[in-house]
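Here's upload_6.cif, which has mmCIF, C-alpha atoms:
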```
data_start
#
loop_
_atom_site.label_atom_id
_atom_site.label_comp_id
_atom_site.auth_asym_id
_atom_site.auth_seq_id
_atom_site.Cartn_x
_atom_site.Cartn_y
_atom_site.Cartn_z
CA MET A 1 -13.25 -15.95 -3.52
CA VAL A 2 -11.42 -13.07 -5.20
CA SER A 3 -13.32 -10.63 -7.36
CA GLU A 4 -11.67 -9.90 -10.68
CA THR A 5 -12.94 -7.63 -13.42
CA SER A 6 -11.27 -6.69 -16.66
CA SER A 7 -12.01 -4.25 -19.43
CA GLY A 8 -10.62 -3.28 -22.79
CA GLY A 9 -8.69 -5.33 -25.35
CA THR A 10 -8.23 -9.04 -25.02
CA SER A 11 -9.09 -11.04 -21.93
CA PRO A 12 -6.17 -11.33 -19.49
CA GLY A 13 -6.96 -15.00 -18.95
CA ASN A 14 -7.64 -17.10 -15.90
CA PRO A 15 -5.85 -15.70 -12.85
CA GLN A 16 -5.47 -19.19 -11.43
CA ALA A 17 -3.10 -19.98 -14.28
CA HIS A 18 -0.62 -17.46 -12.82
CA GLY A 19 -0.71 -19.16 -9.42
CA HIS A 20 -1.85 -16.12 -7.42
CA ALA A 21 -5.58 -16.06 -6.86
CA GLY A 22 -5.76 -18.93 -4.43
CA GLU A 23 -3.60 -17.12 -1.88
CA LEU A 24 -5.35 -13.77 -1.90
CA GLY A 25 -7.78 -12.58 0.76
CA GLN A 26 -11.49 -13.06 0.34
CA GLN A 27 -14.36 -10.92 -0.88
CA PRO A 28 -16.22 -9.17 1.98
CA ASP A 29 -19.36 -11.23 1.29
CA HIS A 30 -17.30 -14.42 1.65
CA LEU A 31 -15.87 -13.54 5.06
CA GLU A 32 -17.43 -15.68 7.76
CA ILE A 33 -17.33 -15.20 11.53
CA ASP A 34 -15.58 -18.01 13.39
CA GLU A 35 -16.89 -19.63 16.56
CA VAL A 36 -15.37 -18.27 19.79
CA ASP A 37 -13.87 -21.60 20.86
CA GLU A 38 -11.99 -21.91 17.58
CA ILE A 39 -10.62 -18.37 17.98
CA ASP A 40 -9.46 -19.09 21.52
CA ASN A 41 -7.68 -22.28 20.45
CA TRP A 42 -5.94 -20.76 17.43
CA ASP A 43 -2.21 -20.10 17.68
CA GLY A 44 -1.83 -16.54 16.46
CA ASP A 45 1.89 -16.34 17.23
CA SER A 46 2.63 -18.90 14.51
CA ALA A 47 1.27 -16.50 11.91
CA LEU A 48 4.09 -14.06 12.62
CA GLY A 49 6.83 -16.56 13.33
CA GLY A 50 7.45 -17.52 9.72
CA MET A 51 8.02 -14.04 8.36
CA SER A 52 11.36 -13.18 6.79
CA GLN A 53 13.88 -11.48 9.05
CA PHE A 54 15.36 -9.49 6.16
CA SER A 55 15.21 -5.77 6.84
CA SER A 56 16.15 -3.02 4.43
CA THR A 57 16.85 -0.73 7.39
CA GLN A 58 20.28 -2.29 7.78
CA SER A 59 22.98 0.15 6.67
CA VAL A 60 20.43 2.86 5.92
CA SER A 61 21.97 6.04 4.57
CA SER A 62 20.20 8.80 6.48
CA SER A 63 22.65 11.68 6.03
CA ILE A 64 21.67 12.75 2.50
CA TYR A 65 19.11 15.18 3.87
CA ASP A 66 18.14 16.23 7.37
CA HIS A 67 14.82 15.01 8.68
CA VAL A 68 12.09 17.01 10.40
CA VAL A 69 11.44 15.92 14.00
CA GLU A 70 7.86 16.28 15.19
CA ASN A 71 6.05 14.65 18.13
CA GLY A 72 8.78 12.08 18.54
CA ARG A 73 8.73 10.99 14.87
CA THR A 74 10.85 12.08 11.91
CA TYR A 75 9.51 13.21 8.54
CA HIS A 76 11.08 13.99 5.18
CA ARG A 77 12.87 17.33 4.73
CA PHE A 78 12.78 17.42 0.90
CA LYS A 79 9.42 18.93 -0.11
CA GLU A 80 8.63 19.09 3.59
CA GLY A 81 5.03 18.34 4.53
CA LYS A 82 3.90 16.70 1.28
CA TYR A 83 3.91 13.15 2.65
CA LEU A 84 2.08 12.81 5.93
CA LEU A 85 3.63 9.62 7.32
CA PRO A 86 6.99 9.47 9.12
CA ASN A 87 10.22 8.01 7.76
CA ASP A 88 11.99 6.96 10.97
CA GLU A 89 13.33 3.51 11.83
CA ARG A 90 10.02 2.44 13.36
CA GLU A 91 8.23 3.23 10.12
CA GLN A 92 10.91 1.61 7.99
CA LYS A 93 10.55 -1.63 9.93
CA ARG A 94 6.79 -1.46 9.46
CA LEU A 95 7.15 -0.93 5.73
CA ASP A 96 9.46 -3.93 5.46
CA PHE A 97 6.97 -6.06 7.38
CA GLN A 98 4.15 -4.75 5.20
CA HIS A 99 6.13 -5.92 2.17
CA GLN A 100 6.12 -9.42 3.66
CA LEU A 101 2.34 -9.20 4.02
CA TYR A 102 1.91 -8.26 0.38
CA THR A 103 4.17 -11.04 -0.84
CA ALA A 104 2.25 -13.48 1.37
CA LEU A 105 -0.95 -12.31 -0.32
CA LEU A 106 0.62 -13.03 -3.72
CA ASN A 107 2.00 -16.44 -2.72
CA GLY A 108 5.56 -15.12 -2.76
CA LYS A 109 5.20 -13.18 -6.00
CA LEU A 110 6.20 -9.54 -6.31
CA PHE A 111 3.59 -8.51 -8.88
CA LEU A 112 0.64 -9.81 -10.90
CA SER A 113 1.14 -8.06 -14.25
CA PRO A 114 1.73 -10.51 -17.15
CA VAL A 115 4.90 -8.77 -18.25
CA GLY A 116 6.43 -11.97 -19.66
CA ASP A 117 10.05 -11.59 -20.74
CA ARG A 118 9.77 -7.87 -21.50
CA LEU A 119 11.05 -6.68 -18.10
CA ARG A 120 13.95 -4.33 -18.92
CA ASN A 121 13.26 -0.98 -17.25
CA VAL A 122 11.19 -0.89 -14.05
CA LEU A 123 10.04 2.10 -12.00
CA ASP A 124 8.94 1.78 -8.37
CA VAL A 125 7.05 4.93 -7.34
CA GLY A 126 7.14 5.64 -3.62
CA THR A 127 9.80 3.00 -3.08
CA GLY A 128 10.09 3.64 0.66
CA THR A 129 12.86 1.44 2.03
CA GLY A 130 13.45 0.06 -1.45
CA ILE A 131 12.76 -3.52 -0.44
CA TRP A 132 10.41 -4.26 -3.37
CA ALA A 133 12.83 -2.73 -5.89
CA ILE A 134 15.75 -4.72 -4.48
CA GLU A 135 13.87 -8.02 -4.59
CA VAL A 136 12.72 -7.40 -8.17
CA GLY A 137 16.32 -6.56 -9.10
CA ILE A 138 17.50 -9.83 -7.60
CA GLU A 139 14.80 -11.87 -9.35
CA HIS A 140 15.36 -10.10 -12.68
CA PRO A 141 19.10 -9.40 -13.01
CA GLY A 142 18.64 -8.38 -16.64
CA ALA A 143 16.31 -5.51 -15.71
CA HIS A 144 17.21 -2.09 -14.37
CA VAL A 145 15.01 -1.08 -11.43
CA LEU A 146 14.68 2.56 -10.38
CA GLY A 147 13.04 3.41 -7.06
CA ILE A 148 11.94 6.98 -6.33
CA ASP A 149 10.80 8.56 -3.07
CA LEU A 150 10.75 11.81 -1.11
CA SER A 151 12.73 10.25 1.75
CA PRO A 152 16.37 9.10 1.55
CA ILE A 153 15.76 5.94 3.59
CA GLN A 154 16.93 3.35 1.07
CA PRO A 155 19.89 1.13 1.97
CA SER A 156 23.38 2.08 0.90
CA TYR A 157 23.82 -1.39 -0.56
CA ALA A 158 21.76 -2.66 -3.50
CA PRO A 159 22.20 -4.97 -6.47
CA PRO A 160 24.08 -3.30 -9.31
CA ASN A 161 20.91 -3.14 -11.41
CA VAL A 162 18.94 -1.22 -8.73
CA THR A 163 19.22 2.53 -8.20
CA PHE A 164 17.35 5.07 -6.09
CA GLU A 165 16.53 8.73 -6.64
CA ILE A 166 15.06 11.28 -4.26
CA CYS A 167 12.35 13.12 -6.19
CA ASP A 168 8.70 14.12 -6.09
CA ALA A 169 6.33 12.01 -8.20
CA GLU A 170 3.92 14.95 -8.29
CA ASP A 171 6.41 16.94 -10.38
CA GLU A 172 6.48 16.46 -14.16
CA TRP A 173 8.23 13.20 -14.99
CA SER A 174 11.38 13.57 -17.07
CA PHE A 175 12.96 10.11 -17.11
CA ARG A 176 15.33 9.46 -19.99
CA GLN A 177 14.06 6.01 -20.92
CA PRO A 178 10.54 4.58 -21.17
CA PHE A 179 9.63 1.87 -18.69
CA ASP A 180 8.29 -1.60 -19.33
CA PHE A 181 6.71 -1.77 -15.89
CA ILE A 182 5.66 0.87 -13.32
CA HIS A 183 4.79 -0.27 -9.82
CA MET A 184 2.93 1.70 -7.14
CA ARG A 185 1.95 0.31 -3.74
CA GLU A 186 0.36 2.02 -0.73
CA MET A 187 0.12 5.31 -2.60
CA VAL A 188 -3.45 6.12 -1.54
CA THR A 189 -2.25 8.59 1.12
CA CYS A 190 0.31 10.30 -1.08
CA PHE A 191 -1.23 12.36 -3.86
CA LYS A 192 -3.75 15.17 -4.15
CA ASN A 193 -4.32 14.35 -7.82
CA PRO A 194 -3.69 10.65 -8.45
CA ARG A 195 -5.13 10.84 -11.96
CA ARG A 196 -2.30 13.16 -12.94
CA ILE A 197 0.24 10.64 -11.59
CA LEU A 198 -1.38 7.84 -13.61
CA ALA A 199 -1.29 10.02 -16.74
CA GLU A 200 2.42 10.67 -16.20
CA ALA A 201 2.91 6.92 -15.82
CA TYR A 202 1.08 6.33 -19.11
CA ARG A 203 3.32 8.86 -20.85
CA SER A 204 6.44 7.26 -19.35
CA LEU A 205 5.58 3.67 -20.28
CA ALA A 206 6.81 2.02 -23.44
CA PRO A 207 3.99 0.83 -25.74
CA GLY A 208 2.79 -2.50 -24.40
CA GLY A 209 4.16 -1.76 -20.92
CA TYR A 210 2.22 -2.33 -17.70
CA ILE A 211 1.30 -0.34 -14.64
CA GLU A 212 0.35 -2.05 -11.38
CA LEU A 213 -1.17 -0.52 -8.25
CA CYS A 214 -1.99 -2.05 -4.89
CA ASP A 215 -3.82 0.04 -2.29
CA PRO A 216 -6.23 -0.30 0.61
CA ILE A 217 -9.73 1.10 0.34
CA LEU A 218 -10.11 3.41 3.31
CA PRO A 219 -11.74 3.58 5.81
CA PHE A 220 -11.89 0.14 7.42
CA GLN A 221 -15.21 -1.68 6.99
CA PHE A 222 -17.33 -3.83 9.32
CA LEU A 223 -19.00 -7.12 8.44
CA THR A 224 -21.49 -6.60 11.28
CA PRO A 225 -22.41 -3.25 12.84
CA PRO A 226 -19.77 -2.14 15.36
CA PRO A 227 -20.83 -1.35 18.92
CA GLU A 228 -21.96 2.15 19.78
CA GLY A 229 -19.00 4.37 20.52
CA CYS A 230 -16.59 2.10 18.65
CA ALA A 231 -13.20 3.85 18.84
CA LEU A 232 -12.01 2.24 15.59
CA ARG A 233 -14.98 3.55 13.61
CA ASP A 234 -14.74 7.03 15.17
CA TRP A 235 -10.99 7.16 14.47
CA SER A 236 -11.54 6.06 10.86
CA ASP A 237 -14.13 8.79 10.34
CA LYS A 238 -11.78 11.43 11.76
CA LEU A 239 -8.93 10.16 9.58
CA MET A 240 -10.97 10.52 6.39
CA GLU A 241 -12.21 13.95 7.48
CA ALA A 242 -8.68 15.21 8.16
CA ALA A 243 -7.46 13.86 4.80
CA ARG A 244 -10.30 15.67 3.01
CA LEU A 245 -9.36 18.91 4.76
CA VAL A 246 -5.90 18.76 3.16
CA GLY A 247 -7.38 17.96 -0.25
CA ARG A 248 -6.84 14.19 -0.34
CA ASP A 249 -9.33 11.45 -1.05
CA TRP A 250 -8.09 8.38 0.80
CA GLY A 251 -10.91 6.30 -0.64
CA VAL A 252 -9.69 6.92 -4.18
CA ALA A 253 -8.53 3.35 -4.82
CA THR A 254 -12.09 2.45 -5.87
CA LYS A 255 -11.70 4.90 -8.77
CA TYR A 256 -8.39 3.61 -10.17
CA ALA A 257 -9.95 1.31 -12.78
CA GLN A 258 -12.03 4.11 -14.31
CA MET A 259 -9.10 6.54 -14.20
CA LEU A 260 -6.84 4.08 -16.02
CA THR A 261 -9.49 3.41 -18.66
CA ASP A 262 -10.14 7.12 -19.20
CA ILE A 263 -6.41 7.81 -19.62
CA GLY A 264 -6.13 5.20 -22.38
CA PHE A 265 -4.95 1.98 -20.72
CA ILE A 266 -6.32 -1.35 -21.93
CA ASN A 267 -6.66 -4.78 -20.30
CA VAL A 268 -7.52 -3.10 -17.02
CA THR A 269 -7.75 -5.97 -14.53
CA GLU A 270 -8.86 -5.33 -10.97
CA ARG A 271 -8.90 -7.68 -7.98
CA ARG A 272 -10.54 -6.94 -4.66
CA GLU A 273 -9.56 -8.77 -1.49
CA ALA A 274 -10.69 -8.42 2.10
CA ILE A 275 -8.67 -9.32 5.20
CA ALA A 276 -10.02 -9.32 8.75
CA LEU A 277 -8.29 -7.08 11.29
CA SER A 278 -8.35 -9.86 13.89
CA PRO A 279 -8.81 -13.64 13.72
CA TRP A 280 -12.60 -13.52 14.01
CA VAL A 281 -12.72 -14.87 10.47
CA LYS A 282 -13.09 -18.55 9.55
CA GLY A 283 -10.26 -20.51 7.97
CA ALA A 284 -6.64 -21.00 8.99
CA HIS A 285 -5.28 -19.10 5.97
CA ASN A 286 -7.62 -16.16 6.59
CA LYS A 287 -6.66 -16.12 10.26
CA GLN A 288 -2.97 -16.04 9.36
CA LEU A 289 -3.53 -13.12 6.99
CA SER A 290 -5.56 -11.33 9.66
CA MET A 291 -2.71 -11.57 12.17
CA LEU A 292 -0.20 -10.27 9.63
CA LEU A 293 -2.49 -7.37 8.82
CA GLN A 294 -3.21 -6.69 12.48
CA HIS A 295 0.51 -6.46 13.22
CA ASP A 296 0.87 -3.94 10.40
CA VAL A 297 -2.20 -1.93 11.43
CA LEU A 298 -1.21 -1.69 15.09
CA ASN A 299 2.12 -0.18 14.03
CA MET A 300 0.49 1.98 11.36
CA LEU A 301 -2.13 3.76 13.46
CA GLU A 302 0.14 6.42 14.95
CA ALA A 303 2.13 6.81 11.74
CA VAL A 304 -0.90 7.49 9.59
CA CYS A 305 -2.70 9.93 11.88
CA MET A 306 -0.23 11.77 14.13
CA ALA A 307 0.66 14.48 11.60
CA LEU A 308 -2.91 14.80 10.31
CA PHE A 309 -4.56 15.02 13.71
CA THR A 310 -2.01 17.46 15.19
CA ARG A 311 -1.53 19.67 12.12
CA VAL A 312 -5.08 19.62 10.76
CA LEU A 313 -7.49 18.78 13.60
CA GLY A 314 -5.51 20.71 16.23
CA TRP A 315 -5.04 17.78 18.62
CA ASP A 316 -1.98 17.54 20.80
CA ALA A 317 0.17 14.41 20.66
CA ALA A 318 -1.01 13.14 24.05
CA ARG A 319 -4.64 13.20 22.90
CA VAL A 320 -3.73 11.27 19.77
CA LEU A 321 -1.91 8.60 21.76
CA ASP A 322 -4.77 8.27 24.26
CA CYS A 323 -7.23 7.84 21.39
CA LEU A 324 -5.03 5.20 19.78
CA GLU A 325 -4.98 3.07 22.92
CA LEU A 326 -8.74 2.62 22.55
CA VAL A 327 -8.45 2.04 18.81
CA LYS A 328 -5.85 -0.68 19.32
CA ARG A 329 -8.19 -2.51 21.71
CA ASP A 330 -10.90 -2.50 19.04
CA VAL A 331 -8.49 -3.75 16.38
CA GLN A 332 -7.64 -6.73 18.60
CA ASN A 333 -11.22 -7.38 19.73
CA THR A 334 -12.55 -10.46 17.91
CA LYS A 335 -16.11 -9.38 18.71
CA ILE A 336 -15.65 -6.37 16.41
CA HIS A 337 -15.76 -7.76 12.89
CA ALA A 338 -13.64 -5.15 11.14
CA TYR A 339 -11.81 -5.80 7.90
CA SER A 340 -9.68 -4.04 5.32
CA GLU A 341 -10.63 -4.20 1.66
CA GLY A 342 -7.91 -3.71 -0.91
CA VAL A 343 -7.57 -3.08 -4.64
CA HIS A 344 -4.92 -4.80 -6.75
CA ILE A 345 -5.03 -3.59 -10.32
CA TYR A 346 -2.89 -3.71 -13.43
CA ALA A 347 -3.32 -2.28 -16.92
CA GLN A 348 -1.44 -2.11 -20.20
CA LYS A 349 -0.47 0.75 -22.46
CA PRO A 350 -1.58 -0.08 -26.02
CA LEU A 351 1.10 -1.04 -28.53
CA SER A 352 -0.23 1.73 -30.79
CA ALA A 353 -0.50 4.33 -28.04
CA ALA A 354 -1.20 8.01 -28.35
CA GLY A 355 -0.54 10.44 -25.52
CA PRO A 356 -2.77 10.43 -22.44
CA SER A 357 -5.65 12.79 -21.90
CA THR A 358 -4.32 15.98 -20.31
CA SER A 359 -7.57 16.66 -18.42
CA TYR A 360 -6.31 16.16 -14.89
#
```
In structure tokens, what does this structure look like?
Amino acid sequence: MVSETSSGGTSPGNPQAHGHAGELGQQPDHLEIDEVDEIDNWDGDSALGGMSQFSSTQSVSSSIYDHVVENGRTYHRFKEGKYLLPNDEREQKRLDFQHQLYTALLNGKLFLSPVGDRLRNVLDVGTGTGIWAIEVGIEHPGAHVLGIDLSPIQPSYAPPNVTFEICDAEDEWSFRQPFDFIHMREMVTCFKNPRRILAEAYRSLAPGGYIELCDPILPFQFLTPPPEGCALRDWSDKLMEAARLVGRDWGVATKYAQMLTDIGFINVTERREAIALSPWVKGAHNKQLSMLLQHDVLNMLEAVCMALFTRVLGWDAARVLDCLELVKRDVQNTKIHAYSEGVHIYAQKPLSAAGPSTSY
């Protein structure tokens, strides 16, 4: 049900042996439309009821830098304007919930890379609230985990082996120690030149170390043609257009595997998974994932487009919010068979590694 491809070096082995593949979403061509009566009788609330109540927004230190207030949301002040999503409490809660969705996809695991017992120095790029870094630090007390981000929204408490730094990943990396593992998640909206970031990661990894990325493939897709005038499709098209106008390719996740290979990584292993945006899909597990994703998407819509549409397309905030009311209806409409496809990929730096290609 999950597509996996690998290239370079030795085979990474059967993913089922790691206990992950069976819990991932399905390939788009394996998604099946459920019958209406089964949808109506399915208890969607139970999908959300079992999620962890842990929130990294407790005791957040927000006084390190001032934030920029715009259209009722706050954005980072450091390197103002580089990251287009907000950093306020609403967004922090969404990011923490999104973390729960990703761990549900991985059957409670925090990563797929076969790092073995070599986990000593870990870097989490775009750490956000720091929840992934904290949980890795708890699971691996012998490792030091560093989380970096533009926004100072990480909690003031953390395990002693977890630290946070406010910095820009698009600057040249100058970390003192090489890393055994570099993690990046939901970075598809962040960088104008993701290949350069991956090359910096290659340079900063110890020989034999791993990089892992997990990102959606934008825009949302449709298993069957959406109705004419579909607000979700129109919004998705406008989102991609606005991103292109500021020099960002938000569909770049499909190119990660080739980028990693070109830079010099080996054992490049890619998984694709698809999750429905509403419980139109067959199967209790797929329905549960769809409700988790829908909850995230409904809270993400304003966050991902408000700055782009007002700054780039010239919309006012009221127009954006009116548009999103229609989009939300489509997201929740089980007659619109929309889904999100994602890329989960890891790769290894060779033990006998030279420097990366500098052709960014």
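Close contacts of A:Phe222, defined as residues with an atom at most 8 Å away when counting all atoms listed in the file, with chain neighbours fewer than 4 positions off set aside, comprise Pro226, Ile336, His337, Ala338 and Tyr339 of chain A.
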task: List the residues selected by the PyMOL selection byres ((chain A and resi 223) around 12) in the file shown, writing them as a ChimeraX atom specification.
output: /A:27-33,220-222,224-226,274-277,280-281,334-341
- prompt: A:Glu241: which residues within 10 Å, counting all atoms listed in the file, same-chain residues fewer than 6 positions away excluded, as an MDAnalysis selection string?
  reply: chainID A and resid 235 247:250 308:309 312:313
The PyMOL selection byres ((chain A and resi 240) around 8) applied to the shown file, residues as a PDB file with C-alpha atoms, in the frame of the given file:
```pdb
ATOM      1  CA  LEU A 218     -10.110   3.410   3.310  1.00  0.00           C
ATOM      2  CA  PRO A 219     -11.740   3.580   5.810  1.00  0.00           C
ATOM      3  CA  SER A 236     -11.540   6.060  10.860  1.00  0.00           C
ATOM      4  CA  ASP A 237     -14.130   8.790  10.340  1.00  0.00           C
ATOM      5  CA  LYS A 238     -11.780  11.430  11.760  1.00  0.00           C
ATOM      6  CA  LEU A 239      -8.930  10.160   9.580  1.00  0.00           C
ATOM      7  CA  GLU A 241     -12.210  13.950   7.480  1.00  0.00           C
ATOM      8  CA  ALA A 242      -8.680  15.210   8.160  1.00  0.00           C
ATOM      9  CA  ALA A 243      -7.460  13.860   4.800  1.00  0.00           C
ATOM     10  CA  ARG A 244     -10.300  15.670   3.010  1.00  0.00           C
ATOM     11  CA  ASP A 249      -9.330  11.450  -1.050  1.00  0.00           C
ATOM     12  CA  TRP A 250      -8.090   8.380   0.800  1.00  0.00           C
TER      13      TRP A 250
END
```
The PyMOL selection byres ((chain A and resi 143) around 6) applied to the shown file, residues as a PyMOL selection string: chain A and resi 119-121+140-142+144
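Across the structure, atom CA of A:Val327 and atom CA of A:Leu298 are spaced 9.0 Å apart.
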message: If I take atom CA of A:Glu139 and atom CA of A:Tyr202, how far is one from the other in Å, to one decimal?
response: 24.8 Å
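When the distance limit is 6 Å and only C-alpha atoms are what count, the residues near A:Phe164, minus those fewer than 2 positions from it on the same chain, are Leu146, Gly147 and Ile148 of chain A.
The gap separating atom CA of A:Asp322 from atom CA of A:Leu293 is 22.1 Å, in Å to one decimal.
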With 6 Å added on each side, what axis-aligned box encloses every listed atom of stretch 111-130 of chain A? Give the centre and edge lengths in Å to one decimal, as AutoDock Vina command-line options.
```
--center_x 7.3 --center_y -3.2 --center_z -9.7 --size_x 25.3 --size_y 29.6 --size_z 35.5
```
- line: Among A:His76, A:His344, A:His295, A:His183, A:Phe97 is approached most closely, using only C-alpha atoms, by A:His295
